[in-house]
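A.B. asks: Below is one structure. I have some questions about it.
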Amino acid sequence: MTRHEVEKYRKPIRILHWIHSGAFILLFLTGLVLFIPGLGFLAEDSWTRVIHRVGAAVFVIIPVIYLVINPRAVGRGLKQAFTWGSDDMGWLKAAPRYYFLGDESSMPPQGAMNTGQKMWWFFTIVFGIIFVITGAIMWFAKLAAPAALLQWMVFIHDVSFIVTGAMFLLHLYLGVFHPLMTEAWNAMAGGKISTEYAKAHHTKWYDEVTKSKEEKG
Amino acid sequence: MADKAILYDATKCTACRGCQVACKQWNENDEYIPTTENGVKAKNRGSYENPPDLSPQTWLKMRFTEFEASGKVRWLFTRQACMHCTDAACVTVCPNGSLYHHELGFVAYNKDTCTGCGYCVDACPFSVPRSTRNILTGIAKMDKCTFCTTQGLDRIAESWEPACVKTCPPKALKFGDRTDLVAQGRQRVQALKDMGWTKANLYGENELGGLHVMYVLDDSPAVYGLPVSPQVSAATIAWKDVIQPVGWAVGGLTILGLGMNYLVARANAKKEGK
């Protein structure tokens, strides 16, 4: 049987995704060493801080590049991520049965992003901005800012770390390990997913894509 | 072992700054000296106070305060150095235990393992710890008074007095068991009160769980530029007692939840497959 495929993510997006992931993982690990006392010895002599800053620079630059090379895609993504409807509420209700028991019957049709992916976008954007602001203050104003402000910056940075860290584990799990998410990895690795998967998981998006192709054809 | 402490009597201090010199000399804290030969013009800051502030190479300095009360100017001297708190905010926030309580009660640290995060610098209620810091790379190391337990230069292990105490000509600095020094301090405060210094007090007896450097003062701590009621900051407590445990709980529950999901979902997928 030939496998019919449809392109989910184009190459530039995939490259940006993986560089951004790499930066996040570096930031996550080099931040973790100051959070877990048992790992603190790894941070001796500040070298994890140097890596953390290189990671931070990449983490900031990648979304900017995305915005510059494809502002329309960014706009589309933002619009999708922040537009919530009844299908999203339905998704949240049906998701536990699906992700645990594989019961797909009550999952509402989804666009290019499903509700979970929208949440991930939301968290990434909101907490990404918080990370950058608090981090920049700790980086550049360490000698100038009042001590109390710097202490609260650490606090907020760490709250963001806990929230996004947990969401990141979930994202990683769904993308790589979940028994039913067979195509998520393909989507971001090679860019293509099977038509059946696209039809089943991103119905609204699949209909749009095929319709526009037919119109063009 | 009984806690050791330093008792500083501001009413006996002459601000000769012998303690500053002894501290630098013993702990090998040479500092760049701004001289005309070095291309630096000496600067008159209108005070004998020098250097102007603590630094990674200056762990102890005397603060000079001019204070006017009822038409009379008083020239006050205060010691500025680590107070070696029992409830030490720096020890609380240090991410890897580089700062710790010495078995004799005061706050020591291991410079080799310091990560340079600077949390202690921002947490200290007395603004004592100082750090070298490259603002771009973030490479940093903290330093402060070690109570003369600097690695390789440990006077306390030899049962010697700290260098500042040893050198003090008017015996304004004393070293000994903390309980003895509290008693001596109280006695001195009473004597001052009898002489008419009604506001005389022993600073550090109960502050922050008891400081290991206590001051005999003849006036309010505020007059001497000391915090009247030093506290561990709310941010320190929030970070240590809220964020850290919450972080552990969220991280642990997430991993546990995902693991359970994996087992359930895989079992179901297998069943469907059959």
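Letters A, B, ... go to the chains of the structure tokens in the order shown; residues in each chain start at 1; ligands are counted from 1 in the same order.
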Could the residues of chain A that have an atom at most 8 Å from chain B be listed as JSON lines, each with its closest atom pair and the distance in Å to one decimal, counting only C-alpha atoms and ordered by chain and ascending residue number?
C.D. replies:
```
{"residue": "A:Leu34", "atom": "CA", "partner": "B:Pro95", "partner_atom": "CA", "distance": 5.4}
{"residue": "A:Phe35", "atom": "CA", "partner": "B:Pro95", "partner_atom": "CA", "distance": 6.7}
{"residue": "A:Ile36", "atom": "CA", "partner": "B:Pro95", "partner_atom": "CA", "distance": 7.4}
{"residue": "A:Pro37", "atom": "CA", "partner": "B:Asn96", "partner_atom": "CA", "distance": 4.8}
{"residue": "A:Gly38", "atom": "CA", "partner": "B:Asn96", "partner_atom": "CA", "distance": 7.0}
{"residue": "A:Leu39", "atom": "CA", "partner": "B:Asn96", "partner_atom": "CA", "distance": 7.5}
{"residue": "A:Gly40", "atom": "CA", "partner": "B:Asn96", "partner_atom": "CA", "distance": 4.5}
{"residue": "A:Phe41", "atom": "CA", "partner": "B:Asn96", "partner_atom": "CA", "distance": 6.5}
{"residue": "A:Ala43", "atom": "CA", "partner": "B:Thr115", "partner_atom": "CA", "distance": 5.3}
{"residue": "A:Glu44", "atom": "CA", "partner": "B:Thr115", "partner_atom": "CA", "distance": 4.3}
{"residue": "A:Asp45", "atom": "CA", "partner": "B:Thr115", "partner_atom": "CA", "distance": 5.2}
{"residue": "A:Ser46", "atom": "CA", "partner": "B:Thr115", "partner_atom": "CA", "distance": 5.1}
{"residue": "A:Trp47", "atom": "CA", "partner": "B:Ile139", "partner_atom": "CA", "distance": 7.1}
{"residue": "A:Arg49", "atom": "CA", "partner": "B:Gly138", "partner_atom": "CA", "distance": 6.2}
{"residue": "A:Val50", "atom": "CA", "partner": "B:Thr137", "partner_atom": "CA", "distance": 5.5}
{"residue": "A:Arg53", "atom": "CA", "partner": "B:Thr137", "partner_atom": "CA", "distance": 7.3}
{"residue": "A:Tyr99", "atom": "CA", "partner": "B:Ala265", "partner_atom": "CA", "distance": 6.7}
{"residue": "A:Phe100", "atom": "CA", "partner": "B:Ala265", "partner_atom": "CA", "distance": 4.8}
{"residue": "A:Leu101", "atom": "CA", "partner": "B:Ala265", "partner_atom": "CA", "distance": 5.7}
{"residue": "A:Gly102", "atom": "CA", "partner": "B:Ala265", "partner_atom": "CA", "distance": 6.8}
{"residue": "A:Trp139", "atom": "CA", "partner": "B:Ile135", "partner_atom": "CA", "distance": 7.0}
{"residue": "A:Phe140", "atom": "CA", "partner": "B:Ile135", "partner_atom": "CA", "distance": 6.6}
{"residue": "A:Lys142", "atom": "CA", "partner": "B:Ile135", "partner_atom": "CA", "distance": 7.6}
{"residue": "A:Ala147", "atom": "CA", "partner": "B:Asp122", "partner_atom": "CA", "distance": 4.5}
{"residue": "A:Ala148", "atom": "CA", "partner": "B:Asp122", "partner_atom": "CA", "distance": 6.8}
{"residue": "A:Leu150", "atom": "CA", "partner": "B:Asp122", "partner_atom": "CA", "distance": 6.9}
{"residue": "A:Gln151", "atom": "CA", "partner": "B:Ala235", "partner_atom": "CA", "distance": 6.0}
{"residue": "A:Trp152", "atom": "CA", "partner": "B:Ala235", "partner_atom": "CA", "distance": 6.0}
{"residue": "A:Phe155", "atom": "CA", "partner": "B:Trp239", "partner_atom": "CA", "distance": 5.9}
{"residue": "A:Asp158", "atom": "CA", "partner": "B:Ile243", "partner_atom": "CA", "distance": 7.3}
{"residue": "A:Val159", "atom": "CA", "partner": "B:Ile243", "partner_atom": "CA", "distance": 7.0}
{"residue": "A:Ile162", "atom": "CA", "partner": "B:Gly247", "partner_atom": "CA", "distance": 5.6}
{"residue": "A:Gly165", "atom": "CA", "partner": "B:Gly251", "partner_atom": "CA", "distance": 7.7}
{"residue": "A:Ala166", "atom": "CA", "partner": "B:Gly251", "partner_atom": "CA", "distance": 6.1}
{"residue": "A:Leu169", "atom": "CA", "partner": "B:Thr254", "partner_atom": "CA", "distance": 7.5}
{"residue": "A:Leu170", "atom": "CA", "partner": "B:Leu258", "partner_atom": "CA", "distance": 7.2}
{"residue": "A:Tyr173", "atom": "CA", "partner": "B:Leu258", "partner_atom": "CA", "distance": 7.3}
{"residue": "A:Phe177", "atom": "CA", "partner": "B:Tyr262", "partner_atom": "CA", "distance": 7.8}
{"residue": "A:His178", "atom": "CA", "partner": "B:Tyr262", "partner_atom": "CA", "distance": 6.3}
{"residue": "A:Pro179", "atom": "CA", "partner": "B:Arg266", "partner_atom": "CA", "distance": 5.8}
{"residue": "A:Leu180", "atom": "CA", "partner": "B:Ala269", "partner_atom": "CA", "distance": 7.5}
```
A.B. asks: Would you save the residues from that selection as a tab-separated table (two decimals), in the first residue's frame, using N, CA and C atoms?
C.D. replies:
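out-v7.tsv was written with the following content:
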```tsv
chain	number	residue	atom	x	y	z
A	34	LEU	N	20.88	25.28	39.03
A	34	LEU	CA	20.77	26.20	40.17
A	34	LEU	C	19.51	25.92	40.97
A	35	PHE	N	18.66	25.03	40.47
A	35	PHE	CA	17.38	24.76	41.12
A	35	PHE	C	17.46	23.51	41.99
A	36	ILE	N	18.28	22.55	41.57
A	36	ILE	CA	18.42	21.30	42.31
A	36	ILE	C	19.77	21.32	43.03
A	37	PRO	N	19.75	21.43	44.38
A	37	PRO	CA	21.00	21.57	45.12
A	37	PRO	C	22.03	20.49	44.77
A	38	GLY	N	21.54	19.27	44.54
A	38	GLY	CA	22.45	18.17	44.23
A	38	GLY	C	23.21	18.34	42.92
A	39	LEU	N	22.67	19.19	42.03
A	39	LEU	CA	23.33	19.41	40.74
A	39	LEU	C	24.16	20.69	40.74
A	40	GLY	N	24.10	21.41	41.88
A	40	GLY	CA	24.74	22.73	41.95
A	40	GLY	C	26.22	22.70	41.62
A	41	PHE	N	26.88	21.57	41.89
A	41	PHE	CA	28.33	21.51	41.64
A	41	PHE	C	28.65	21.69	40.15
A	43	ALA	N	27.47	23.87	38.29
A	43	ALA	CA	27.46	25.29	37.95
A	43	ALA	C	28.71	26.02	38.46
A	44	GLU	N	29.61	25.29	39.12
A	44	GLU	CA	30.80	25.92	39.67
A	44	GLU	C	31.56	26.70	38.61
A	45	ASP	N	32.11	27.81	39.03
A	45	ASP	CA	32.91	28.66	38.16
A	45	ASP	C	32.13	29.26	36.99
A	46	SER	N	30.81	29.31	37.11
A	46	SER	CA	29.97	30.11	36.21
A	46	SER	C	29.85	29.60	34.77
A	47	TRP	N	30.44	28.46	34.44
A	47	TRP	CA	30.43	28.12	33.01
A	47	TRP	C	29.03	27.78	32.50
A	49	ARG	N	26.49	29.41	33.31
A	49	ARG	CA	25.88	30.73	33.06
A	49	ARG	C	26.27	31.22	31.66
A	50	VAL	N	27.50	30.95	31.26
A	50	VAL	CA	27.93	31.35	29.92
A	50	VAL	C	27.07	30.63	28.88
A	53	ARG	N	23.58	31.97	28.66
A	53	ARG	CA	23.46	33.24	27.94
A	53	ARG	C	23.53	33.04	26.43
A	99	TYR	N	-6.45	10.50	25.14
A	99	TYR	CA	-5.02	10.29	25.39
A	99	TYR	C	-4.73	9.11	26.30
A	100	PHE	N	-5.71	8.75	27.15
A	100	PHE	CA	-5.50	7.56	27.98
A	100	PHE	C	-6.04	6.31	27.29
A	101	LEU	N	-7.29	6.37	26.81
A	101	LEU	CA	-7.97	5.16	26.37
A	101	LEU	C	-8.06	5.01	24.85
A	102	GLY	N	-7.61	6.03	24.14
A	102	GLY	CA	-7.64	5.92	22.69
A	102	GLY	C	-9.02	6.08	22.10
A	139	TRP	N	20.61	39.91	33.63
A	139	TRP	CA	21.85	39.90	32.86
A	139	TRP	C	22.49	41.29	32.86
A	140	PHE	N	21.72	42.29	32.40
A	140	PHE	CA	22.33	43.59	32.13
A	140	PHE	C	22.25	44.57	33.30
A	142	LYS	N	22.37	43.63	36.59
A	142	LYS	CA	22.79	42.96	37.82
A	142	LYS	C	23.52	43.88	38.78
A	147	ALA	N	18.52	45.41	44.89
A	147	ALA	CA	18.61	43.99	45.24
A	147	ALA	C	17.23	43.33	45.27
A	148	ALA	N	16.23	44.04	45.83
A	148	ALA	CA	14.90	43.44	45.95
A	148	ALA	C	14.32	43.14	44.57
A	150	LEU	N	15.99	42.46	41.82
A	150	LEU	CA	16.70	41.30	41.27
A	150	LEU	C	16.19	40.01	41.90
A	151	GLN	N	15.92	40.06	43.21
A	151	GLN	CA	15.41	38.85	43.88
A	151	GLN	C	14.05	38.44	43.31
A	152	TRP	N	13.18	39.43	43.06
A	152	TRP	CA	11.85	39.09	42.50
A	152	TRP	C	11.97	38.64	41.05
A	155	PHE	N	12.61	35.09	41.21
A	155	PHE	CA	11.36	34.42	41.58
A	155	PHE	C	10.47	34.22	40.36
A	158	ASP	N	11.82	31.81	37.84
A	158	ASP	CA	11.66	30.43	38.29
A	158	ASP	C	10.22	29.94	38.20
A	159	VAL	N	9.25	30.84	38.41
A	159	VAL	CA	7.85	30.46	38.20
A	159	VAL	C	7.66	30.07	36.73
A	162	ILE	N	9.11	26.68	36.03
A	162	ILE	CA	8.31	25.55	36.49
A	162	ILE	C	7.15	25.30	35.52
A	165	GLY	N	8.59	24.37	32.04
A	165	GLY	CA	9.30	23.09	32.17
A	165	GLY	C	8.33	21.93	32.14
A	166	ALA	N	7.22	22.06	32.90
A	166	ALA	CA	6.21	21.00	32.93
A	166	ALA	C	5.56	20.87	31.55
A	169	LEU	N	7.89	19.10	29.14
A	169	LEU	CA	7.92	17.64	29.31
A	169	LEU	C	6.71	17.02	28.59
A	170	LEU	N	5.56	17.68	28.72
A	170	LEU	CA	4.34	17.20	28.07
A	170	LEU	C	4.49	17.24	26.55
A	173	TYR	N	6.84	14.58	25.44
A	173	TYR	CA	6.19	13.27	25.58
A	173	TYR	C	5.22	13.01	24.44
A	177	PHE	N	6.95	10.19	22.58
A	177	PHE	CA	6.73	8.93	23.28
A	177	PHE	C	5.29	8.40	23.27
A	178	HIS	N	4.30	9.26	23.12
A	178	HIS	CA	2.93	8.79	23.28
A	178	HIS	C	2.58	7.76	22.20
A	179	PRO	N	2.01	6.61	22.63
A	179	PRO	CA	1.78	5.50	21.68
A	179	PRO	C	0.87	5.88	20.50
A	180	LEU	N	-0.03	6.84	20.67
A	180	LEU	CA	-0.97	7.17	19.59
A	180	LEU	C	-0.47	8.29	18.68
```
A.B. asks: Within 12 Å of range 76-80 of chain A, counting only C-alpha atoms, which residues show up once you throw out same-chain ones fewer than 2 positions away? Write them as an MDAnalysis selection string, please.
C.D. replies: chainID A and resid 13 66:67 70:74 82:85 88 110:122 124:126 205
A.B. asks: For the selection just defined, write its residues with N, CA and C atoms to a file, as a short mmCIF file (atom, residue, chain, number, x, y, z; two decimals), in the first residue's frame.
C.D. replies:
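So the final result, stored in selection_30.cif, reads:
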```
data_model
loop_
_atom_site.label_atom_id
_atom_site.label_comp_id
_atom_site.auth_asym_id
_atom_site.auth_seq_id
_atom_site.Cartn_x
_atom_site.Cartn_y
_atom_site.Cartn_z
N ILE A 13 10.57 26.29 8.74
CA ILE A 13 9.90 26.22 10.04
C ILE A 13 10.50 25.11 10.89
N TYR A 66 11.94 34.13 12.46
CA TYR A 66 10.65 33.62 11.97
C TYR A 66 9.75 34.78 11.57
N LEU A 67 9.72 35.79 12.42
CA LEU A 67 8.87 36.96 12.17
C LEU A 67 9.32 37.69 10.92
N ASN A 70 8.84 35.20 7.62
CA ASN A 70 7.47 34.81 7.29
C ASN A 70 6.45 35.45 8.23
N PRO A 71 6.32 36.78 8.12
CA PRO A 71 5.41 37.46 9.06
C PRO A 71 3.97 36.97 8.94
N ARG A 72 3.60 36.54 7.74
CA ARG A 72 2.21 36.10 7.56
C ARG A 72 1.94 34.81 8.32
N ALA A 73 2.92 33.90 8.29
CA ALA A 73 2.75 32.64 9.02
C ALA A 73 2.68 32.90 10.52
N VAL A 74 3.49 33.85 10.99
CA VAL A 74 3.46 34.19 12.42
C VAL A 74 2.09 34.75 12.78
N PHE A 82 -4.71 32.15 19.55
CA PHE A 82 -5.48 32.96 20.48
C PHE A 82 -6.98 33.01 20.15
N THR A 83 -7.41 32.21 19.14
CA THR A 83 -8.84 32.14 18.84
C THR A 83 -9.39 30.82 19.38
N TRP A 84 -10.23 30.95 20.36
CA TRP A 84 -10.78 29.75 20.98
C TRP A 84 -12.29 29.67 20.73
N GLY A 85 -12.76 28.46 20.40
CA GLY A 85 -14.19 28.27 20.13
C GLY A 85 -14.75 27.07 20.86
N ASP A 88 -12.80 23.85 20.92
CA ASP A 88 -11.69 23.77 21.87
C ASP A 88 -12.16 23.27 23.22
N GLN A 110 -10.40 19.48 14.34
CA GLN A 110 -9.40 20.50 14.68
C GLN A 110 -8.76 21.11 13.44
N GLY A 111 -8.24 22.33 13.61
CA GLY A 111 -7.53 22.99 12.52
C GLY A 111 -6.09 22.53 12.47
N ALA A 112 -5.21 23.37 11.90
CA ALA A 112 -3.80 23.01 11.80
C ALA A 112 -3.22 22.79 13.20
N MET A 113 -3.69 23.57 14.15
CA MET A 113 -3.28 23.39 15.54
C MET A 113 -4.46 22.84 16.30
N ASN A 114 -4.25 21.78 17.09
CA ASN A 114 -5.34 21.36 17.96
C ASN A 114 -5.29 22.19 19.25
N THR A 115 -6.27 22.00 20.10
CA THR A 115 -6.37 22.85 21.29
C THR A 115 -5.13 22.76 22.17
N GLY A 116 -4.59 21.56 22.30
CA GLY A 116 -3.38 21.38 23.11
C GLY A 116 -2.22 22.16 22.53
N GLN A 117 -2.10 22.12 21.21
CA GLN A 117 -1.01 22.86 20.55
C GLN A 117 -1.20 24.36 20.70
N LYS A 118 -2.46 24.80 20.68
CA LYS A 118 -2.74 26.22 20.92
C LYS A 118 -2.27 26.62 22.31
N MET A 119 -2.54 25.75 23.30
CA MET A 119 -2.11 26.04 24.66
C MET A 119 -0.59 26.14 24.73
N TRP A 120 0.07 25.26 24.03
CA TRP A 120 1.53 25.26 24.02
C TRP A 120 2.06 26.56 23.42
N TRP A 121 1.45 27.00 22.33
CA TRP A 121 1.82 28.30 21.73
C TRP A 121 1.64 29.41 22.74
N PHE A 122 0.46 29.39 23.39
CA PHE A 122 0.13 30.43 24.37
C PHE A 122 1.19 30.49 25.48
N THR A 124 4.22 29.23 25.43
CA THR A 124 5.54 29.58 24.90
C THR A 124 5.67 31.08 24.72
N ILE A 125 4.64 31.72 24.18
CA ILE A 125 4.72 33.16 23.91
C ILE A 125 4.69 33.96 25.20
N VAL A 126 3.70 33.69 26.04
CA VAL A 126 3.55 34.50 27.26
C VAL A 126 4.76 34.32 28.18
N TRP A 205 -8.21 21.62 8.96
CA TRP A 205 -7.02 22.03 8.20
C TRP A 205 -6.90 21.22 6.91
#
```
A.B. asks: Tell me, as a PyMOL selection string, which residues lie within 9 Å of Ser55 in chain B, counting only C-alpha atoms; anything in the same chain fewer than 3 positions away does not count.
C.D. replies: chain B and resi 58-60+128-132+143-144
A.B. asks: How would the residues just picked look written out with N, CA and C atoms as a CSV table (one decimal), in the first residue's frame?
C.D. replies:
```csv
chain,number,residue,atom,x,y,z
B,58,THR,N,37.9,43.8,49.6
B,58,THR,CA,37.8,44.5,50.9
B,58,THR,C,36.6,43.9,51.7
B,59,TRP,N,37.0,43.1,52.7
B,59,TRP,CA,35.9,42.4,53.4
B,59,TRP,C,35.5,43.1,54.7
B,60,LEU,N,36.3,44.1,55.0
B,60,LEU,CA,36.1,44.8,56.3
B,60,LEU,C,36.5,46.3,56.0
B,128,VAL,N,26.4,42.8,52.4
B,128,VAL,CA,27.8,42.5,52.6
B,128,VAL,C,28.5,41.7,51.5
B,129,PRO,N,28.0,40.6,51.0
B,129,PRO,CA,28.7,39.9,50.0
B,129,PRO,C,28.9,40.7,48.8
B,130,ARG,N,30.1,40.6,48.2
B,130,ARG,CA,30.4,41.3,47.0
B,130,ARG,C,31.0,40.3,46.0
B,131,SER,N,30.8,40.7,44.7
B,131,SER,CA,31.1,39.7,43.7
B,131,SER,C,31.9,40.4,42.6
B,132,THR,N,33.0,39.7,42.1
B,132,THR,CA,33.5,40.1,40.8
B,132,THR,C,32.5,39.7,39.8
B,143,ASP,N,32.8,37.0,47.4
B,143,ASP,CA,33.8,37.0,48.5
B,143,ASP,C,33.2,37.9,49.6
B,144,LYS,N,33.5,37.5,50.8
B,144,LYS,CA,33.1,38.3,52.0
B,144,LYS,C,34.0,37.9,53.2
```
A.B. asks: Could you please write out, as a VMD selection string, every residue of chain A that DSSP assigns to helix (DSSP H, G or I)?
C.D. replies: chain A and resid 11 to 35 37 to 69 71 to 82 86 to 101 115 to 140 147 to 177 184 to 189 195 to 201 203 to 216
A.B. asks: Would you list the contacts of range 154-163 of chain B as a PyMOL selection string, taking every protein, DNA or RNA residue within 7 Å and counting only C-alpha atoms, but skipping same-chain residues closer than 4 positions in sequence?
C.D. replies: chain B and resi 22-23+26+147-150+167+175
A.B. asks: Keeping only N, CA and C atoms, write the selected residues as a compact mmCIF listing (two decimals), in the first residue's frame.
C.D. replies:
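File written: again.txt
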```txt
# COMPACT_ATOMS: atom_id res chain seq x y z
N ALA B 22 44.89 44.71 58.70
CA ALA B 22 45.19 43.34 59.13
C ALA B 22 44.37 42.34 58.31
N CYS B 23 43.11 42.71 58.04
CA CYS B 23 42.22 41.84 57.27
C CYS B 23 42.78 41.59 55.88
N TRP B 26 46.29 39.62 56.17
CA TRP B 26 46.21 38.21 56.49
C TRP B 26 45.56 37.41 55.35
N PHE B 147 35.51 35.11 58.57
CA PHE B 147 35.81 34.92 59.99
C PHE B 147 37.19 34.29 60.13
N CYS B 148 38.08 34.69 59.23
CA CYS B 148 39.46 34.17 59.20
C CYS B 148 39.52 32.64 59.10
N THR B 149 38.61 32.09 58.26
CA THR B 149 38.71 30.66 57.94
C THR B 149 39.02 30.48 56.46
N THR B 150 39.56 31.52 55.81
CA THR B 150 39.95 31.43 54.40
C THR B 150 40.80 30.16 54.20
N THR B 167 44.71 42.66 65.99
CA THR B 167 45.46 43.90 65.76
C THR B 167 44.88 45.11 66.48
N PHE B 175 37.19 38.65 70.78
CA PHE B 175 36.81 37.37 70.20
C PHE B 175 36.63 36.38 71.35
```
A.B. asks: Would you pick out the contacts of Gly204 in chain B at 12 Å or less, using only C-alpha atoms, so that residues sharing its chain but fewer than 3 positions from it are not included, and give the list as an NGL selection string?
C.D. replies: :B and (5-8 or 82-87 or 178 or 181-182 or 185-186 or 201 or 207-217 or 221 or 226-230)
A.B. asks: Just how far from CA of Lys199 in chain B is CA of Asp219 in chain B, in Å to one decimal?
C.D. replies: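 We find that CA of Asp219 in chain B and CA of Lys199 in chain B lie 4.9 Å from each other.
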A.B. asks: What does the distance between CA of Met142 in chain B and CA of Ala145 in chain A come to in Å, to one decimal place?
C.D. replies: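 Interatomic distance, CA of Met142 in chain B to CA of Ala145 in chain A: 17.7 Å.
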